[in-house]
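To be precise, the following lines are target-v2.cif, and they hold mmCIF, C-alpha atoms.
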data_structure
loop_
_atom_site.label_atom_id
_atom_site.label_comp_id
_atom_site.auth_asym_id
_atom_site.auth_seq_id
_atom_site.Cartn_x
_atom_site.Cartn_y
_atom_site.Cartn_z
CA MET A 1 17.79 18.40 -0.76
CA SER A 2 17.21 16.04 -3.68
CA MET A 3 13.61 15.05 -4.38
CA ARG A 4 14.57 11.47 -5.31
CA VAL A 5 13.56 8.55 -3.06
CA LEU A 6 14.84 4.97 -3.00
CA SER A 7 11.89 2.97 -1.67
CA ILE A 8 12.51 -0.61 -0.55
CA GLN A 9 9.37 -2.45 0.52
CA SER A 10 6.71 -4.91 -0.60
CA HIS A 11 4.72 -4.89 -3.85
CA VAL A 12 1.30 -6.30 -4.71
CA VAL A 13 -0.21 -6.73 -8.16
CA SER A 14 -3.69 -5.80 -6.93
CA GLY A 15 -4.35 -3.30 -4.16
CA TYR A 16 -2.41 -0.59 -2.37
CA VAL A 17 0.18 -1.63 0.21
CA GLY A 18 3.96 -1.27 0.32
CA ASN A 19 5.45 0.41 -2.73
CA LYS A 20 2.03 0.50 -4.43
CA ALA A 21 0.83 2.66 -1.53
CA ALA A 22 3.97 4.79 -1.18
CA ALA A 23 5.04 5.61 -4.74
CA PHE A 24 1.86 7.34 -5.93
CA PRO A 25 1.57 9.99 -3.18
CA LEU A 26 5.31 10.70 -3.33
CA GLN A 27 5.24 11.14 -7.11
CA LEU A 28 2.12 13.27 -6.85
CA LEU A 29 4.00 15.52 -4.41
CA GLY A 30 6.91 15.96 -6.81
CA PHE A 31 9.32 13.19 -5.78
CA ASP A 32 11.04 10.81 -8.18
CA VAL A 33 10.75 7.30 -6.72
CA ASP A 34 13.15 4.44 -7.45
CA VAL A 35 11.37 1.25 -6.37
CA ILE A 36 12.82 -2.03 -5.16
CA ASN A 37 10.25 -4.66 -4.18
CA SER A 38 11.16 -6.80 -1.15
CA VAL A 39 8.36 -9.17 -2.18
CA GLN A 40 6.10 -9.38 -5.22
CA PHE A 41 2.75 -10.86 -4.27
CA SER A 42 -0.57 -11.15 -6.08
CA ASN A 43 -2.31 -9.35 -3.18
CA HIS A 44 -1.71 -8.44 0.45
CA THR A 45 -1.63 -11.22 3.02
CA GLY A 46 -4.84 -10.09 4.73
CA TYR A 47 -6.74 -12.07 2.10
CA GLY A 48 -5.40 -15.27 3.65
CA SER A 49 -3.93 -16.66 0.42
CA TRP A 50 -1.53 -15.22 -2.14
CA GLU A 51 1.11 -16.16 -4.68
CA GLY A 52 4.42 -14.54 -5.49
CA GLU A 53 8.13 -14.28 -4.88
CA VAL A 54 10.40 -13.02 -2.11
CA LEU A 55 13.55 -11.06 -2.98
CA GLN A 56 16.64 -12.30 -1.15
CA GLY A 57 19.21 -10.03 0.47
CA ASP A 58 21.97 -10.89 -2.04
CA MET A 59 19.72 -9.92 -4.95
CA LEU A 60 18.89 -6.61 -3.27
CA LEU A 61 22.62 -5.84 -3.05
CA LYS A 62 23.07 -6.76 -6.72
CA LEU A 63 20.26 -4.43 -7.78
CA VAL A 64 21.79 -1.55 -5.86
CA ASP A 65 25.25 -2.40 -7.25
CA GLY A 66 23.73 -2.13 -10.74
CA MET A 67 22.39 1.31 -9.88
CA ASP A 68 25.84 2.29 -8.58
CA GLU A 69 27.58 1.20 -11.77
CA ASN A 70 25.44 3.63 -13.74
CA GLY A 71 25.46 6.52 -11.27
CA LEU A 72 21.75 6.05 -10.53
CA LYS A 73 22.04 6.63 -6.77
CA ASP A 74 23.98 9.88 -7.02
CA GLU A 75 20.88 12.07 -6.72
CA THR A 76 19.07 10.05 -4.05
CA GLY A 77 18.08 12.28 -1.14
CA HIS A 78 15.85 9.90 0.80
CA ILE A 79 15.65 6.18 1.60
CA LEU A 80 12.29 4.70 2.59
CA THR A 81 11.91 1.15 3.88
CA GLY A 82 8.80 -0.78 4.87
CA TYR A 83 7.97 -4.48 5.07
CA ILE A 84 11.08 -6.65 5.33
CA GLY A 85 10.52 -10.32 6.10
CA SER A 86 13.96 -11.83 6.75
CA GLU A 87 17.20 -11.23 8.63
CA SER A 88 19.33 -11.38 5.48
CA PHE A 89 17.23 -8.79 3.69
CA LEU A 90 17.19 -6.43 6.69
CA ARG A 91 20.97 -6.68 7.05
CA ALA A 92 21.34 -5.98 3.32
CA VAL A 93 19.27 -2.81 3.86
CA VAL A 94 21.61 -1.82 6.70
CA THR A 95 24.60 -2.28 4.38
CA ILE A 96 22.99 -0.10 1.70
CA VAL A 97 22.00 2.69 4.10
CA ARG A 98 25.47 2.77 5.65
CA LYS A 99 27.16 3.00 2.24
CA MET A 100 24.84 5.72 1.00
CA LYS A 101 25.23 7.80 4.16
CA ALA A 102 29.02 7.40 3.98
CA VAL A 103 28.99 8.89 0.48
CA ASN A 104 26.39 11.55 1.33
CA PRO A 105 25.65 12.17 5.04
CA GLN A 106 22.68 14.36 4.04
CA VAL A 107 20.69 11.35 2.78
CA ARG A 108 17.61 10.96 5.02
CA TYR A 109 16.56 7.47 6.06
CA VAL A 110 12.85 7.10 6.81
CA CYS A 111 12.20 3.70 8.38
CA ASP A 112 8.77 2.15 8.81
CA PRO A 113 9.71 -0.79 11.08
CA VAL A 114 6.97 -3.18 10.00
CA LEU A 115 6.81 -5.82 12.73
CA GLY A 116 3.09 -6.39 13.26
CA ASP A 117 -0.03 -4.88 14.79
CA ILE A 118 -2.74 -5.51 17.39
CA GLY A 119 -0.54 -7.92 19.36
CA LYS A 120 0.48 -10.04 16.35
CA PHE A 121 3.84 -10.29 14.57
CA TYR A 122 3.91 -10.21 10.75
CA VAL A 123 7.64 -11.01 10.64
CA PRO A 124 10.08 -13.23 12.60
CA GLU A 125 10.46 -11.87 16.14
CA GLN A 126 14.27 -11.94 15.89
CA LEU A 127 14.08 -8.92 13.57
CA VAL A 128 13.30 -6.74 16.61
CA LYS A 129 16.89 -7.02 17.89
CA ILE A 130 18.35 -6.18 14.46
CA TYR A 131 16.14 -3.11 14.24
CA LYS A 132 17.19 -1.96 17.72
CA ASP A 133 20.91 -2.67 17.34
CA GLU A 134 21.58 -1.92 13.67
CA VAL A 135 18.70 -0.08 11.99
CA LEU A 136 17.55 2.56 14.48
CA PRO A 137 21.00 4.16 14.89
CA LEU A 138 20.90 4.86 11.12
CA ALA A 139 17.32 6.14 10.94
CA ASP A 140 16.53 9.85 10.73
CA VAL A 141 12.79 9.25 10.92
CA LEU A 142 10.84 6.30 12.38
CA THR A 143 7.13 5.63 11.74
CA PRO A 144 6.00 2.70 13.92
CA ASN A 145 2.53 1.85 15.14
CA GLN A 146 1.82 1.30 18.83
CA PHE A 147 2.61 -2.43 18.78
CA GLU A 148 5.92 -1.80 17.05
CA VAL A 149 6.94 0.95 19.49
CA GLU A 150 6.23 -1.39 22.39
CA GLN A 151 8.35 -4.15 20.84
CA LEU A 152 11.26 -1.81 20.08
CA THR A 153 11.33 -0.14 23.51
CA GLY A 154 9.84 -2.64 25.95
CA VAL A 155 7.43 0.06 27.13
CA ARG A 156 3.74 -0.83 27.27
CA ILE A 157 1.92 2.32 26.22
CA GLU A 158 -1.14 2.97 28.38
CA ASN A 159 -1.00 6.78 28.65
CA ILE A 160 0.75 9.84 27.23
CA ASN A 161 3.64 9.57 29.70
CA ASP A 162 4.33 6.05 28.45
CA ALA A 163 4.38 7.33 24.86
CA GLN A 164 6.80 10.08 25.85
CA ARG A 165 9.06 7.59 27.61
CA ALA A 166 9.02 5.20 24.64
CA CYS A 167 9.90 8.01 22.24
CA GLY A 168 12.69 9.08 24.58
CA ILE A 169 14.19 5.58 24.34
CA LEU A 170 13.99 5.70 20.53
CA HIS A 171 15.66 9.12 20.53
CA ASP A 172 18.39 7.74 22.78
CA LEU A 173 18.94 4.95 20.25
CA GLY A 174 19.67 7.61 17.65
CA VAL A 175 16.36 8.48 15.95
CA PRO A 176 15.74 12.26 15.88
CA LEU A 177 12.10 12.14 14.71
CA VAL A 178 9.47 9.56 15.70
CA LEU A 179 5.89 9.34 14.46
CA ILE A 180 3.60 6.83 16.18
CA THR A 181 1.02 6.40 13.43
CA SER A 182 -1.73 4.95 15.62
CA ILE A 183 -2.01 4.78 19.38
CA ILE A 184 -4.88 3.86 21.67
CA PHE A 185 -4.69 4.58 25.40
CA PRO A 186 -6.84 2.23 27.53
CA THR A 187 -7.89 5.10 29.80
CA ASN A 188 -7.69 8.70 28.63
CA ALA A 189 -10.26 11.43 29.12
CA GLN A 190 -9.04 13.24 25.99
CA GLN A 191 -9.53 10.22 23.74
CA SER A 192 -13.02 8.96 22.96
CA GLN A 193 -13.67 5.26 22.50
CA ASP A 194 -14.01 5.75 18.74
CA SER A 195 -10.76 7.66 18.20
CA MET A 196 -7.03 7.01 18.11
CA GLY A 197 -4.02 9.19 18.70
CA VAL A 198 -1.26 10.17 16.28
CA PHE A 199 1.88 11.12 18.23
CA ALA A 200 5.00 12.93 16.99
CA SER A 201 8.22 13.48 18.91
CA GLU A 202 11.28 15.36 17.65
CA ARG A 203 14.59 15.73 19.47
CA PHE A 204 16.74 18.82 18.90
CA MET A 205 20.39 18.71 19.94
CA LEU A 206 21.63 21.92 21.58
CA GLN A 207 25.21 23.16 21.82
CA ASN A 208 25.98 25.03 25.05
CA VAL A 209 29.11 27.04 25.84
CA SER A 210 29.90 28.00 29.43
CA CYS A 211 33.26 29.33 30.61
CA GLY A 212 34.75 28.31 27.31
CA ILE A 213 33.58 24.70 27.72
CA GLU A 214 31.23 23.20 25.12
CA THR A 215 28.51 20.84 26.32
CA GLU A 216 25.63 19.18 24.53
CA SER A 217 22.04 18.92 25.68
CA TYR A 218 18.73 18.19 24.00
CA GLU A 219 15.15 19.35 23.86
CA ASP A 220 12.17 17.23 22.80
CA GLU A 221 9.09 18.67 21.12
CA GLN A 222 6.05 16.40 21.26
CA ARG A 223 2.60 16.77 19.76
CA ILE A 224 -0.52 14.63 19.69
CA LEU A 225 -3.88 14.77 17.97
CA TYR A 226 -6.87 12.45 17.87
CA VAL A 227 -8.67 11.17 14.77
CA PRO A 228 -11.84 9.08 14.40
CA LYS A 229 -11.48 5.32 14.04
CA MET A 230 -13.38 3.79 11.14
CA PRO A 231 -15.03 0.38 11.72
CA GLY A 232 -13.04 -2.47 10.17
CA GLN A 233 -9.42 -3.07 9.23
CA PHE A 234 -7.77 -1.07 6.43
CA THR A 235 -4.47 -2.49 5.19
CA GLY A 236 -1.88 -0.07 3.82
CA THR A 237 -2.52 2.94 6.04
CA GLY A 238 0.92 2.70 7.65
CA ASP A 239 2.63 2.56 4.25
CA ILE A 240 0.79 5.65 3.03
CA SER A 241 1.48 7.48 6.31
CA ALA A 242 5.22 6.80 6.09
CA ALA A 243 5.38 8.12 2.52
CA LEU A 244 3.39 11.24 3.37
CA TRP A 245 5.50 11.85 6.47
CA LEU A 246 8.66 11.60 4.38
CA ALA A 247 7.31 14.29 2.06
CA LEU A 248 6.01 16.54 4.85
CA THR A 249 9.21 16.37 6.92
CA ALA A 250 11.36 17.14 3.86
CA ASP A 251 9.86 20.64 4.10
CA SER A 252 11.69 22.63 6.76
CA THR A 253 9.37 25.64 6.54
CA SER A 254 6.43 24.18 8.49
CA SER A 255 6.24 23.33 12.18
CA LEU A 256 5.91 19.84 13.68
CA ALA A 257 2.30 20.64 14.58
CA GLN A 258 1.48 21.71 11.02
CA LYS A 259 3.05 18.57 9.57
CA LEU A 260 1.07 16.37 11.97
CA GLU A 261 -2.19 18.17 11.18
CA GLN A 262 -1.63 17.83 7.43
CA LEU A 263 -0.80 14.13 7.72
CA ALA A 264 -3.85 13.42 9.89
CA GLY A 265 -6.16 15.36 7.57
CA THR A 266 -5.04 13.50 4.47
CA MET A 267 -5.08 10.06 6.11
CA ASN A 268 -8.52 10.63 7.61
CA ALA A 269 -9.85 11.67 4.21
CA ILE A 270 -8.38 8.57 2.52
CA VAL A 271 -9.66 6.13 5.14
CA GLU A 272 -13.08 7.79 5.29
CA ARG A 273 -13.39 7.59 1.49
CA THR A 274 -12.31 3.94 1.59
CA TYR A 275 -14.82 3.14 4.30
CA GLN A 276 -17.72 4.75 2.41
CA ALA A 277 -16.72 3.00 -0.83
CA SER A 278 -16.57 -0.32 1.05
CA LEU A 279 -20.09 0.15 2.45
CA GLU A 280 -21.46 0.89 -1.03
CA LYS A 281 -19.74 -2.11 -2.63
CA LEU A 282 -20.86 -4.52 0.07
CA GLN A 283 -24.42 -3.16 0.09
CA LYS A 284 -24.70 -3.92 -3.63
CA GLN A 285 -23.63 -7.50 -2.88
CA GLY A 286 -26.03 -7.83 0.04
CA ILE A 287 -23.20 -8.12 2.58
CA SER A 288 -23.14 -6.45 5.98
CA SER A 289 -19.66 -5.40 7.07
CA LEU A 290 -20.83 -5.25 10.69
CA GLU A 291 -21.58 -8.98 10.91
CA GLU A 292 -19.11 -11.84 11.09
CA PRO A 293 -18.58 -13.24 7.54
CA LYS A 294 -20.55 -16.43 6.95
CA ASP A 295 -17.84 -18.04 4.84
CA GLU A 296 -14.32 -17.48 3.49
CA ALA A 297 -15.54 -16.14 0.15
CA THR A 298 -17.57 -13.44 1.91
CA ARG A 299 -14.64 -12.53 4.14
CA LYS A 300 -12.42 -12.05 1.10
CA ARG A 301 -15.03 -9.84 -0.57
CA ILE A 302 -15.05 -7.65 2.55
CA VAL A 303 -11.23 -7.45 2.49
CA ARG A 304 -11.30 -6.52 -1.19
CA SER A 305 -13.90 -3.82 -0.63
CA ARG A 306 -11.51 -2.13 1.82
CA GLU A 307 -8.60 -1.69 -0.58
CA MET A 308 -7.41 1.89 -0.12
CA GLN A 309 -9.07 4.54 -2.30
CA LEU A 310 -5.68 6.07 -3.00
CA ILE A 311 -6.00 7.32 -6.57
CA GLN A 312 -9.41 8.80 -5.78
CA SER A 313 -7.79 10.77 -2.94
CA ALA A 314 -5.25 12.68 -5.05
CA SER A 315 -6.75 16.07 -4.21
CA ASP A 316 -6.51 15.35 -0.45
CA ILE A 317 -2.85 14.38 -0.88
CA LEU A 318 -2.05 17.58 -2.76
CA ASN A 319 -4.20 19.79 -0.50
CA PRO A 320 -4.45 18.23 2.98
CA PRO A 321 -7.78 19.08 4.65
CA LEU A 322 -7.13 20.60 8.08
CA ARG A 323 -9.61 18.77 10.29
CA PHE A 324 -7.64 18.27 13.51
CA GLN A 325 -5.51 20.35 15.85
CA ALA A 326 -2.24 19.07 17.33
CA THR A 327 -1.73 19.68 21.03
CA LYS A 328 1.68 20.34 22.54
CA ILE A 329 2.62 17.92 25.29
CA SER A 330 4.45 19.28 28.31
CA GLU A 331 7.66 17.68 29.55
CA ARG A 332 7.32 14.64 31.78
#
Mind turning the file's structure into C-alpha cells?
Amino acid sequence: MSMRVLSIQSHVVSGYVGNKAAAFPLQLLGFDVDVINSVQFSNHTGYGSWEGEVLQGDMLLKLVDGMDENGLKDETGHILTGYIGSESFLRAVVTIVRKMKAVNPQVRYVCDPVLGDIGKFYVPEQLVKIYKDEVLPLADVLTPNQFEVEQLTGVRIENINDAQRACGILHDLGVPLVLITSIIFPTNAQQSQDSMGVFASERFMLQNVSCGIETESYEDEQRILYVPKMPGQFTGTGDISAALWLALTADSTSSLAQKLEQLAGTMNAIVERTYQASLEKLQKQGISSLEEPKDEATRKRIVRSREMQLIQSASDILNPPLRFQATKISER
C-alpha cells in the first residue's frame, strides 16, 4: 500500500494540533503527507482568543481538483481527517473520499470525528447526523474519544460492556476498526482513579459455506489497556493518536494488541514529557499549575506551557516504549 497520506484538518501557526500534530510523526515514520488545512489559526482555541481563516467547502474541492489535474492524488494510499467545523466542509470531505475510493477501493480512510470532549461540543451539533449517515459508512478506521463515541452511538459508556456495545453499533454502521482514544469508567475495579482506558475493537467478516450455500458472519476482537492520567489538559493528543494509529494499522504484520501497546507507550511518553516540561516552565515563572489561575494572562501561560513536546519525542515515535499490556475482552 502507498505510503502517501492526504491529511485534511486544522492548522495552527504556533503549537501542535491538527496537521501540525499529525504530519511530523507520519513523516518521521516514512509517510509522505499532503496537507490541506481546514482552518489556519494563530494558535489553538484553548487559549480563548485567536486569529485566522476558515477554509470553505468549495475551496477544498478546488484544491483537490487542482491535485487531480496534475495527477497528484494517484499515489495516495490513506486519507486522514480531523477537525471540521461546518456542514459544507464535511460534505465536501465526503465527496472527496467517495471519489477517491471509487478510483481506488484500497485507499484507507482514517477518520478522527472531532466533535468535542468532556461533555462539550467544539463544533455544531448537527454534524453528528452527517457523520453517522454519510461519513462512518466510508471510514475504514475511526478514532473518537469517549464523548464522541457517546454522541455517535447514543450509548452512555459507564463500563466495558457499554464500550463493546457502542463499538458494535459503529461496526454495524460500516467501520471495521474503532479506537476509543480515551475512556473513563465511573466504576471499574481494573481502572484506578488516576488512569484512563484506551479501547480498540476490530470486526472481521467471515465467509461460511454450508451445503453449497454461502453465508456471512463476523467476529469482533477487542482489547483494552489503562494508562496514567496526567494532571491538566493537553490539547492535540487526539490528533497525534489518530496519526500514529494510521501508521500502526498500515502494518499488517503486528497484532491488534501490539498496535495498541505501541500507541499507548508513545502517547504516554509524549504526554509525560509535556507535563514535566510544563512544570519546569511554570516553576521558573513562579506559577503553580495545581491552583486556579489568578488572571487570564496566567491562564494563557499555563496553556502555552502545555503545548505538546512533539519534536522532543521523536525517539519515542520511532521506537515506542512498551509500558502497558493490552487485555483481551471476552464477548458480551
Can you tell me how far atom CA of Met1 of chain A sits from atom CA of Gln222 of chain A, in Å to one decimal?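 Taking atom CA of Met1 of chain A and atom CA of Gln222 of chain A, their separation equals 25.0 Å.
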Under the rule that only C-alpha atoms are counted, which of A:Phe24, A:Phe41, A:Tyr131, A:Tyr16 is the nearest residue to Thr237 of chain A? A:Tyr16
Any chance you could resolve the PyMOL selection byres ((chain A and resi 230) around 8) against this file and give the residues as number ranges by chain? A: 194, 228-229, 231-232, 271-272, 275
Picked residues, the PyMOL selection byres ((chain A and resi 319-321) around 6), as number ranges by chain: A: 262, 265-266, 315-318, 322-323
Could you tell me how far atom CA of Arg203 of chain A sits from atom CA of Leu142 of chain A, in Å to one decimal place? 12.4 Å
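Closest approach to Ile240 of chain A among A:Pro25, A:Gly286, A:Gly174, A:Gly57 is made by A:Pro25 (distances from only C-alpha atoms).
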Long-range neighbours of Ser305 of chain A as a list in words, 7 Å cut-off, all atoms listed in the file, 2 positions minimum in chain: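 That gives Ser278, Lys281, Arg301, Ile302, Val303 and Glu307 of chain A.
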Select, from A:Asn19, A:Pro137, A:Ser201, A:Ala92, the residue with the minimum atom-to-atom distance to Ala166 of chain A, counting only C-alpha atoms.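 So, comparing all the options, the nearest one is A:Ser201.
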